[in-house]
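> Quick one: the structure is below, and I'll ask about it shortly.
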Amino acid sequence: MKYVVYVGGILLLTLGIALTIQSNLGASPFDALLVGLSLNVGLSVGSWEIILACVLICGNALLSKQKPEVLGLLTAFITGLGIDLWLFLLQNWAPFEMWYSKLCCFGIGLIIIGVGTSAYLHTNFAPIPIDRLTLIIQKLAKTNLLLSRTLIYLTFLLAAMLLNGPIGVGTLLTVFLGGVLLNFFMPLTKRALDCILTNSRISQNHTKDHKRSIT
């Protein structure tokens, strides 16, 4: 069940990322950086997700004074593939001509990102390097997810601006709301996952007891 939640969370996260990019209102600072690198240097958006993950893993290891979290590459690899897959599937689906339809698409994407990120983070299995960085900064600065996430977003925003990434009103909304949504969904998804895992254990124990009674 843990790995189902892990993969499902990443799939939701990457769907949300693809929706924010497709909305044409501006992606999150990190995703805008990925798109900017893709447009200016080459390779796909998902490929740059994996490349930057390697850089962040090394940086996280230095900040936390621990060995590089190699498993984070697995998450980054799945995330990169997911982003490219969703962008491919959504490339011809663009009913976003009016501002309100674009805003709706972006808002849904932002919420899905919050839900997906909080869900897979609760599995505590190989977080995406940027999410691990969020947790490291939260611990080092003794602050909450809101402030640590916002600080990271502002840093990547400057880098995305230098590369002419897709920055717009949506980018600013992500900077100010991304941390808020993550902070909001973390306790909600924890309660939901605890309930699901508890029911799953009860069901497994009931099945085992039933098999024993038969034998």
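Each chain in the structure tokens gets a letter, A, B and so on, in the order shown; residues start at 1 in every chain, and ligands are counted from 1 in the order they appear.
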Just want the 10 Å neighbourhood of A:Pro129, counted on only C-alpha atoms, with same-chain residues fewer than 6 positions away dropped. Output as a PyMOL selection string.

chain A and resi 49-50+52-60+69-73+75-76+135

> Keeping all heavy atoms for every residue in the selection just given, could you write it to a file as a compact mmCIF listing (two decimals), in the first residue's frame?


# COMPACT_ATOMS: atom_id res chain seq x y z
N GLU A 49 14.35 17.83 -15.23
CA GLU A 49 13.94 17.46 -13.86
C GLU A 49 14.96 16.48 -13.28
O GLU A 49 15.39 16.62 -12.13
CB GLU A 49 12.56 16.82 -13.90
CG GLU A 49 12.15 16.06 -12.66
CD GLU A 49 11.72 16.95 -11.51
OE1 GLU A 49 11.21 18.05 -11.77
OE2 GLU A 49 11.92 16.55 -10.35
N ILE A 50 15.36 15.50 -14.08
CA ILE A 50 16.30 14.48 -13.62
C ILE A 50 17.70 15.07 -13.44
O ILE A 50 18.39 14.77 -12.45
CB ILE A 50 16.33 13.31 -14.63
CG1 ILE A 50 14.93 12.66 -14.72
CG2 ILE A 50 17.37 12.27 -14.22
CD1 ILE A 50 14.80 11.64 -15.83
N LEU A 52 18.61 18.28 -12.85
CA LEU A 52 18.68 19.16 -11.70
C LEU A 52 18.55 18.38 -10.39
O LEU A 52 19.06 18.81 -9.35
CB LEU A 52 17.58 20.23 -11.78
CG LEU A 52 17.77 21.30 -12.86
CD1 LEU A 52 16.70 22.38 -12.73
CD2 LEU A 52 19.16 21.92 -12.78
N ALA A 53 17.87 17.24 -10.46
CA ALA A 53 17.74 16.40 -9.26
C ALA A 53 19.12 15.93 -8.80
O ALA A 53 19.39 15.89 -7.59
CB ALA A 53 16.85 15.19 -9.55
N CYS A 54 19.99 15.59 -9.74
CA CYS A 54 21.35 15.16 -9.39
C CYS A 54 22.10 16.28 -8.66
O CYS A 54 22.79 16.03 -7.66
CB CYS A 54 22.12 14.77 -10.65
SG CYS A 54 21.46 13.33 -11.52
N VAL A 55 21.92 17.52 -9.16
CA VAL A 55 22.57 18.68 -8.54
C VAL A 55 22.02 18.90 -7.13
O VAL A 55 22.79 19.12 -6.17
CB VAL A 55 22.37 19.94 -9.40
CG1 VAL A 55 22.98 21.16 -8.71
CG2 VAL A 55 22.98 19.75 -10.78
N LEU A 56 20.70 18.82 -6.99
CA LEU A 56 20.07 19.06 -5.69
C LEU A 56 20.41 17.98 -4.68
O LEU A 56 20.55 18.25 -3.48
CB LEU A 56 18.55 19.16 -5.86
CG LEU A 56 18.04 20.43 -6.54
CD1 LEU A 56 16.54 20.33 -6.78
CD2 LEU A 56 18.35 21.66 -5.70
N ILE A 57 20.55 16.75 -5.14
CA ILE A 57 20.90 15.65 -4.23
C ILE A 57 22.26 15.90 -3.60
O ILE A 57 22.45 15.70 -2.40
CB ILE A 57 20.88 14.30 -4.98
CG1 ILE A 57 19.44 13.85 -5.23
CG2 ILE A 57 21.63 13.23 -4.19
CD1 ILE A 57 19.32 12.61 -6.09
N CYS A 58 23.19 16.38 -4.41
CA CYS A 58 24.52 16.70 -3.88
C CYS A 58 24.44 17.86 -2.88
O CYS A 58 25.06 17.84 -1.82
CB CYS A 58 25.47 17.05 -5.02
SG CYS A 58 25.83 15.67 -6.13
N GLY A 59 23.65 18.89 -3.23
CA GLY A 59 23.49 20.03 -2.34
C GLY A 59 22.81 19.65 -1.04
O GLY A 59 23.21 20.11 0.04
N ASN A 60 21.80 18.80 -1.12
CA ASN A 60 21.09 18.34 0.08
C ASN A 60 22.03 17.55 1.00
O ASN A 60 21.94 17.65 2.23
CB ASN A 60 19.90 17.45 -0.31
CG ASN A 60 18.79 18.25 -0.96
OD1 ASN A 60 18.75 19.48 -0.88
ND2 ASN A 60 17.88 17.56 -1.62
N GLU A 69 21.31 11.10 -1.08
CA GLU A 69 20.12 10.25 -1.09
C GLU A 69 19.86 9.77 -2.52
O GLU A 69 19.08 10.36 -3.27
CB GLU A 69 18.91 11.03 -0.56
CG GLU A 69 17.72 10.16 -0.24
CD GLU A 69 16.63 10.96 0.45
OE1 GLU A 69 16.59 12.19 0.28
OE2 GLU A 69 15.82 10.34 1.16
N VAL A 70 20.56 8.71 -2.88
CA VAL A 70 20.52 8.21 -4.25
C VAL A 70 19.10 7.80 -4.66
O VAL A 70 18.72 7.92 -5.83
CB VAL A 70 21.50 7.02 -4.43
CG1 VAL A 70 21.49 6.52 -5.87
CG2 VAL A 70 22.91 7.44 -4.04
N LEU A 71 18.32 7.31 -3.69
CA LEU A 71 16.95 6.90 -4.02
C LEU A 71 16.11 8.07 -4.53
O LEU A 71 15.12 7.87 -5.23
CB LEU A 71 16.28 6.29 -2.78
CG LEU A 71 16.50 4.79 -2.54
CD1 LEU A 71 15.81 4.38 -1.26
CD2 LEU A 71 16.00 3.97 -3.71
N GLY A 72 16.55 9.31 -4.19
CA GLY A 72 15.84 10.48 -4.70
C GLY A 72 15.85 10.54 -6.21
O GLY A 72 14.96 11.11 -6.84
N LEU A 73 16.89 9.93 -6.82
CA LEU A 73 16.96 9.89 -8.28
C LEU A 73 15.82 9.05 -8.87
O LEU A 73 15.33 9.33 -9.96
CB LEU A 73 18.31 9.31 -8.73
CG LEU A 73 19.50 10.26 -8.71
CD1 LEU A 73 20.78 9.53 -9.10
CD2 LEU A 73 19.25 11.44 -9.64
N THR A 75 12.79 8.80 -7.62
CA THR A 75 11.62 9.65 -7.60
C THR A 75 11.70 10.70 -8.70
O THR A 75 10.71 10.98 -9.39
CB THR A 75 11.47 10.35 -6.24
OG1 THR A 75 11.46 9.37 -5.21
CG2 THR A 75 10.18 11.16 -6.17
N ALA A 76 12.90 11.30 -8.87
CA ALA A 76 13.08 12.31 -9.91
C ALA A 76 12.88 11.71 -11.30
O ALA A 76 12.30 12.34 -12.19
CB ALA A 76 14.47 12.92 -9.80
N LEU A 135 12.27 20.19 3.32
CA LEU A 135 12.27 19.62 4.67
C LEU A 135 13.57 19.94 5.42
O LEU A 135 13.55 20.19 6.63
CB LEU A 135 12.07 18.10 4.60
CG LEU A 135 10.74 17.62 3.99
CD1 LEU A 135 10.75 16.11 3.86
CD2 LEU A 135 9.57 18.09 4.82

> Which one of A:Leu62, A:Val41, A:Leu140, A:Leu74 sits closest to A:Pro127 if you count only C-alpha atoms?

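That would be A:Leu74, the residue with the smallest distance to A:Pro127.
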
> Between A:Gln66, A:Thr20, A:Thr79, A:Ser28, which is the closest to A:Trp48 once you count only C-alpha atoms?

A:Thr79

> Sort by chain and increasing residue number a table of all residues of stretch 50-146 of chain A within 7 Å of stretch 184-193 of chain A, each with its closest pair of atoms and their distance in Å to one decimal, counting only C-alpha atoms, and write it as a tab-separated table.


residue	atom	partner	partner_atom	distance
A:Gly114	CA	A:Phe185	CA	6.5
A:Val115	CA	A:Phe185	CA	6.1
A:Ser118	CA	A:Met186	CA	5.1
A:Ala119	CA	A:Thr189	CA	5.9
A:His122	CA	A:Lys190	CA	6.7

> Give me, as number ranges by chain, all polymer residues having an atom no more than 10 Å from A:Phe30, counting only C-alpha atoms and skipping those fewer than 2 positions away in the same chain.

A: 27-28, 32-36, 49, 52, 130, 152-160, 165, 171

> Considering only C-alpha atoms, state which residue in the set A:Gln138, A:Ser38, A:Thr174, A:Gln22 is at the smallest distance from A:Asn92.

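Of all the options, A:Gln22 lies closest to A:Asn92.
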
> What lies within 9 Å of A:Ile21 using only C-alpha atoms, ignoring chain neighbours under 2 positions off, as a PyMOL selection string?

chain A and resi 16-19+23-28+31-32+35+87+106+109+166
